[in-house]
Amino acid sequence: MQLKTVIVPAVLAFGLSGCGYFGGDEKQQLEQAWLAQNEQLQQVIEQIRSQGIEVVANGAEAGSVAACVASKLEMDPVGELVNVEGALVESAKITELLSELEGLLEQDFSLENMSSLLQKGADAAAYAKQIIAEEGVEQGLQHLQQMAAASQEFASQDLGAHFQQLLLECQQQAN
């Protein structure tokens, strides 16, 4: 039964997001437009999403924009959420998003729950899918609780605004 509660939601979230049910296209387009304004930041984010934060941090030249972004994201309690496309323009408040994610991971998944998520727009489902894929439900839930505790200083800020501020700080340091 335990395996069912882990695999079914992950498969449903992955399948539905792949079919375009989670309306991330608009956020992805907004994010691409924002990143298109700075080629360096765009390349760093693409590297992080394809290779991982740790790989980019270890391979980046000291003092480069890539090294700055990767190290800041490594130290950031919510930094790994940057892996979800559209995160750089995510308007959800960090505390609300983490709370919603925690709720998603705590509940027993069913078709009714997935239907409810679809009706809400299910932005959090993309983040939950990322966390489940990387850590599993139980470890993901523990990690979310740690993220929530560690992110109190900027908890009322939008996730996208938080990431944009972090990236712009690295861009300014390089110039």
# chains A, B, ... in the order shown; residues from 1 in each chain; ligands from 1
call {"tool": "residues_around", "arguments": {"residues": "region 137-147 of chain A", "least_positions_apart": "3", "cutoff": "8 Å", "atoms": "only C-alpha atoms", "output": "MDAnalysis selection string"}}
result
chainID A and resid 6 77:78 98 101:102 105:106 131:132 134 150:151
call {"tool": "residues_around", "arguments": {"residues": "Val69 (chain A)", "least_positions_apart": "3", "cutoff": "10 Å", "atoms": "only C-alpha atoms", "output": "CSV table (one decimal) with N, CA, C and O atoms, in the first residue's frame"}}
result
chain,number,residue,atom,x,y,z
A,41,LEU,N,22.7,34.7,-17.7
A,41,LEU,CA,21.8,34.1,-16.7
A,41,LEU,C,21.0,33.0,-17.3
A,41,LEU,O,20.8,32.0,-16.7
A,44,VAL,N,23.2,29.9,-17.5
A,44,VAL,CA,23.4,29.4,-16.1
A,44,VAL,C,22.2,28.6,-15.7
A,44,VAL,O,22.4,27.4,-15.2
A,45,ILE,N,21.0,29.1,-15.9
A,45,ILE,CA,19.8,28.4,-15.5
A,45,ILE,C,19.6,27.2,-16.3
A,45,ILE,O,19.3,26.1,-15.7
A,48,ILE,N,22.0,24.6,-14.9
A,48,ILE,CA,21.6,24.1,-13.6
A,48,ILE,C,20.5,23.1,-13.7
A,48,ILE,O,20.4,22.1,-13.1
A,53,ILE,N,22.6,21.8,-9.6
A,53,ILE,CA,23.3,23.0,-8.9
A,53,ILE,C,24.7,22.6,-8.5
A,53,ILE,O,25.7,23.4,-8.8
A,56,VAL,N,27.3,22.5,-11.5
A,56,VAL,CA,27.6,23.8,-12.0
A,56,VAL,C,28.5,24.5,-11.0
A,56,VAL,O,29.4,25.2,-11.4
A,57,ALA,N,28.1,24.4,-9.7
A,57,ALA,CA,29.0,25.1,-8.7
A,57,ALA,C,30.4,24.6,-8.7
A,57,ALA,O,31.3,25.4,-8.6
A,60,ALA,N,32.1,25.6,-12.3
A,60,ALA,CA,32.1,27.0,-12.8
A,60,ALA,C,33.4,27.7,-12.4
A,60,ALA,O,34.0,27.4,-11.3
A,64,SER,N,32.8,33.9,-11.7
A,64,SER,CA,31.9,34.0,-12.8
A,64,SER,C,30.5,34.1,-12.3
A,64,SER,O,30.1,33.8,-11.2
A,65,VAL,N,29.6,34.5,-13.3
A,65,VAL,CA,28.2,34.6,-13.0
A,65,VAL,C,27.7,33.2,-12.6
A,65,VAL,O,26.9,33.0,-11.6
A,66,ALA,N,28.1,32.2,-13.3
A,66,ALA,CA,27.7,30.8,-13.0
A,66,ALA,C,28.0,30.4,-11.6
A,66,ALA,O,27.2,29.8,-10.9
A,72,LYS,N,24.9,30.7,-4.7
A,72,LYS,CA,23.8,31.3,-4.0
A,72,LYS,C,22.6,30.4,-3.9
A,72,LYS,O,21.9,30.3,-2.9
A,73,LEU,N,22.3,29.6,-5.0
A,73,LEU,CA,21.2,28.7,-5.0
A,73,LEU,C,21.5,27.5,-4.1
A,73,LEU,O,20.6,27.0,-3.4
A,74,GLU,N,22.8,27.1,-4.0
A,74,GLU,CA,23.1,26.0,-3.1
A,74,GLU,C,22.8,26.4,-1.6
A,74,GLU,O,22.4,25.6,-0.8
A,79,GLY,N,16.4,27.1,-3.0
A,79,GLY,CA,17.2,27.2,-4.3
A,79,GLY,C,16.9,26.0,-5.2
A,79,GLY,O,16.9,26.3,-6.4
A,163,PHE,N,14.0,34.7,-6.6
A,163,PHE,CA,15.0,34.2,-7.5
A,163,PHE,C,15.6,35.3,-8.4
A,163,PHE,O,16.8,35.3,-8.7
A,166,LEU,N,18.1,37.3,-6.5
A,166,LEU,CA,19.3,36.6,-6.4
A,166,LEU,C,20.2,36.6,-7.7
A,166,LEU,O,21.4,36.9,-7.7
A,167,LEU,N,19.5,36.3,-8.8
A,167,LEU,CA,20.2,36.3,-10.1
A,167,LEU,C,20.7,37.7,-10.5
A,167,LEU,O,21.9,37.8,-11.0
A,168,LEU,N,20.0,38.7,-10.2
A,168,LEU,CA,20.4,40.1,-10.6
A,168,LEU,C,21.6,40.5,-9.7
A,168,LEU,O,22.5,41.3,-10.2
A,169,GLU,N,21.6,40.1,-8.5
A,169,GLU,CA,22.8,40.4,-7.6
A,169,GLU,C,24.1,39.8,-8.2
A,169,GLU,O,25.1,40.4,-8.2
A,170,CYS,N,24.0,38.6,-8.7
A,170,CYS,CA,25.1,37.9,-9.4
A,170,CYS,C,25.5,38.6,-10.7
A,170,CYS,O,26.7,38.8,-10.9
A,171,GLN,N,24.5,39.1,-11.4
A,171,GLN,CA,24.8,39.8,-12.7
A,171,GLN,C,25.5,41.1,-12.4
A,171,GLN,O,26.4,41.5,-13.0
call {"tool": "residues_around", "arguments": {"residues": "region 82-96 of chain A", "least_positions_apart": "3", "cutoff": "7 Å", "atoms": "only C-alpha atoms", "output": "list in words"}}
result
Gly24, Lys27, Gln28, Leu30, Glu31, Arg49, Gly79, Ser99, Glu100, Ala126, Tyr127, Ala148, Ala155, Ser156, Gln157, Asp158, Leu159, Gly160, Ala161, Phe163 and Gln164 of chain A
call {"tool": "write_last_selection", "arguments": {"atoms": "all heavy atoms", "output": "short mmCIF file (atom, residue, chain, number, x, y, z; two decimals), in the first residue's frame"}}
result
data_model
loop_
_atom_site.label_atom_id
_atom_site.label_comp_id
_atom_site.auth_asym_id
_atom_site.auth_seq_id
_atom_site.Cartn_x
_atom_site.Cartn_y
_atom_site.Cartn_z
N GLY A 24 1.55 25.57 -17.08
CA GLY A 24 2.82 26.21 -16.88
C GLY A 24 3.34 26.93 -18.11
O GLY A 24 4.34 27.62 -18.04
N LYS A 27 3.77 30.70 -17.68
CA LYS A 27 4.90 31.03 -16.81
C LYS A 27 6.22 30.73 -17.50
O LYS A 27 7.18 31.47 -17.35
CB LYS A 27 4.80 30.27 -15.50
CG LYS A 27 3.78 30.85 -14.57
CD LYS A 27 3.80 30.17 -13.25
CE LYS A 27 2.69 30.75 -12.40
NZ LYS A 27 2.55 30.05 -11.15
N GLN A 28 6.27 29.63 -18.22
CA GLN A 28 7.50 29.29 -18.94
C GLN A 28 7.83 30.35 -19.97
O GLN A 28 8.99 30.73 -20.13
CB GLN A 28 7.37 27.92 -19.59
CG GLN A 28 7.35 26.79 -18.59
CD GLN A 28 6.98 25.45 -19.21
OE1 GLN A 28 6.83 25.35 -20.42
NE2 GLN A 28 6.84 24.42 -18.39
N LEU A 30 6.89 33.55 -19.88
CA LEU A 30 7.31 34.76 -19.16
C LEU A 30 8.75 34.62 -18.66
O LEU A 30 9.54 35.56 -18.73
CB LEU A 30 6.38 35.02 -17.97
CG LEU A 30 4.99 35.53 -18.30
CD1 LEU A 30 4.11 35.56 -17.05
CD2 LEU A 30 5.06 36.93 -18.91
N GLU A 31 9.07 33.42 -18.17
CA GLU A 31 10.42 33.18 -17.69
C GLU A 31 11.42 33.29 -18.83
O GLU A 31 12.48 33.91 -18.67
CB GLU A 31 10.49 31.80 -17.05
CG GLU A 31 11.87 31.47 -16.51
CD GLU A 31 11.92 30.08 -15.91
OE1 GLU A 31 12.08 29.11 -16.69
OE2 GLU A 31 11.80 29.98 -14.69
N ARG A 49 19.54 23.42 -14.63
CA ARG A 49 18.40 22.52 -14.84
C ARG A 49 18.80 21.22 -15.52
O ARG A 49 18.19 20.19 -15.28
CB ARG A 49 17.31 23.22 -15.63
CG ARG A 49 16.62 24.27 -14.79
CD ARG A 49 15.53 25.00 -15.51
NE ARG A 49 14.89 25.95 -14.62
CZ ARG A 49 14.13 26.94 -15.00
NH1 ARG A 49 13.88 27.12 -16.29
NH2 ARG A 49 13.59 27.76 -14.12
N GLY A 79 16.40 27.09 -3.01
CA GLY A 79 17.16 27.16 -4.25
C GLY A 79 16.89 26.04 -5.23
O GLY A 79 16.88 26.26 -6.44
N SER A 99 3.72 25.58 2.14
CA SER A 99 2.60 25.00 2.88
C SER A 99 1.74 24.13 1.97
O SER A 99 1.31 23.03 2.35
CB SER A 99 1.76 26.13 3.49
OG SER A 99 0.61 25.62 4.08
N GLU A 100 1.47 24.62 0.77
CA GLU A 100 0.68 23.86 -0.19
C GLU A 100 1.40 22.58 -0.60
O GLU A 100 0.81 21.51 -0.70
CB GLU A 100 0.38 24.71 -1.42
CG GLU A 100 -0.66 24.11 -2.34
CD GLU A 100 -1.07 25.07 -3.45
OE1 GLU A 100 -0.94 26.29 -3.30
OE2 GLU A 100 -1.53 24.56 -4.48
N ALA A 126 3.85 20.96 -10.01
CA ALA A 126 5.14 20.89 -10.71
C ALA A 126 6.28 20.86 -9.70
O ALA A 126 7.24 20.11 -9.87
CB ALA A 126 5.30 22.08 -11.65
N TYR A 127 6.17 21.64 -8.63
CA TYR A 127 7.20 21.65 -7.60
C TYR A 127 7.18 20.33 -6.83
O TYR A 127 8.23 19.76 -6.52
CB TYR A 127 7.01 22.83 -6.66
CG TYR A 127 7.17 24.15 -7.36
CD1 TYR A 127 6.07 24.90 -7.75
CD2 TYR A 127 8.44 24.64 -7.67
CE1 TYR A 127 6.22 26.10 -8.41
CE2 TYR A 127 8.59 25.84 -8.34
CZ TYR A 127 7.48 26.57 -8.71
OH TYR A 127 7.63 27.75 -9.37
N ALA A 148 10.95 25.39 4.91
CA ALA A 148 10.04 26.36 5.51
C ALA A 148 10.69 27.04 6.71
O ALA A 148 10.61 28.26 6.87
CB ALA A 148 8.73 25.69 5.91
N ALA A 155 10.08 34.72 3.68
CA ALA A 155 8.92 33.85 3.49
C ALA A 155 7.73 34.55 2.85
O ALA A 155 6.94 33.93 2.14
CB ALA A 155 8.50 33.24 4.82
N SER A 156 7.60 35.85 3.05
CA SER A 156 6.44 36.56 2.48
C SER A 156 6.71 37.07 1.06
O SER A 156 5.85 37.65 0.43
CB SER A 156 6.04 37.73 3.38
OG SER A 156 7.09 38.67 3.45
N GLN A 157 7.91 36.84 0.57
CA GLN A 157 8.28 37.28 -0.78
C GLN A 157 7.80 36.25 -1.81
O GLN A 157 7.67 35.07 -1.52
CB GLN A 157 9.81 37.39 -0.83
CG GLN A 157 10.34 38.15 -2.02
CD GLN A 157 11.85 38.32 -1.93
OE1 GLN A 157 12.55 37.50 -1.35
NE2 GLN A 157 12.35 39.38 -2.52
N ASP A 158 7.53 36.73 -3.02
CA ASP A 158 7.19 35.81 -4.11
C ASP A 158 8.42 34.99 -4.45
O ASP A 158 9.54 35.50 -4.43
CB ASP A 158 6.78 36.58 -5.37
CG ASP A 158 5.49 37.34 -5.22
OD1 ASP A 158 4.80 37.15 -4.21
OD2 ASP A 158 5.17 38.13 -6.13
N LEU A 159 8.20 33.73 -4.82
CA LEU A 159 9.32 32.87 -5.18
C LEU A 159 10.07 33.44 -6.39
O LEU A 159 11.28 33.51 -6.38
CB LEU A 159 8.83 31.45 -5.49
CG LEU A 159 9.92 30.44 -5.83
CD1 LEU A 159 10.85 30.22 -4.64
CD2 LEU A 159 9.30 29.12 -6.27
N GLY A 160 9.34 33.86 -7.41
CA GLY A 160 9.97 34.41 -8.60
C GLY A 160 10.77 35.67 -8.31
O GLY A 160 11.89 35.83 -8.78
N ALA A 161 10.21 36.56 -7.50
CA ALA A 161 10.92 37.79 -7.13
C ALA A 161 12.19 37.47 -6.34
O ALA A 161 13.23 38.10 -6.53
CB ALA A 161 10.00 38.70 -6.32
N PHE A 163 14.02 34.68 -6.57
CA PHE A 163 15.02 34.16 -7.51
C PHE A 163 15.57 35.26 -8.41
O PHE A 163 16.76 35.32 -8.68
CB PHE A 163 14.44 33.03 -8.37
CG PHE A 163 14.32 31.71 -7.65
CD1 PHE A 163 13.28 30.86 -7.93
CD2 PHE A 163 15.26 31.31 -6.71
CE1 PHE A 163 13.16 29.63 -7.29
CE2 PHE A 163 15.16 30.09 -6.06
CZ PHE A 163 14.11 29.25 -6.35
N GLN A 164 14.71 36.15 -8.89
CA GLN A 164 15.17 37.22 -9.76
C GLN A 164 16.15 38.13 -9.03
O GLN A 164 17.17 38.53 -9.59
CB GLN A 164 13.98 38.03 -10.30
CG GLN A 164 13.20 37.28 -11.35
CD GLN A 164 12.05 38.10 -11.91
OE1 GLN A 164 12.06 39.33 -11.84
NE2 GLN A 164 11.06 37.43 -12.47
#
call {"tool": "select_by_dssp", "arguments": {"residues": "region 49-149 of chain A", "states": "alpha helix (DSSP H)", "output": "PyMOL selection string"}}
result
chain A and resi 49-51+53-59+65-75+94-106+111-120+123-149
call {"tool": "atom_distance", "arguments": {"atom1": "CA of Asn175 (chain A)", "atom2": "CA of Ala33 (chain A)"}}
result
21.3 Å
call {"tool": "atom_distance", "arguments": {"atom1": "CA of Glu54 (chain A)", "atom2": "CA of Ser71 (chain A)"}}
result
8.4 Å
call {"tool": "closest_residue", "arguments": {"among": "A:Asp76, A:Ala36, A:Gly59, A:Gln173", "to": "Phe154 (chain A)", "atoms": "only C-alpha atoms"}}
result
A:Asp76
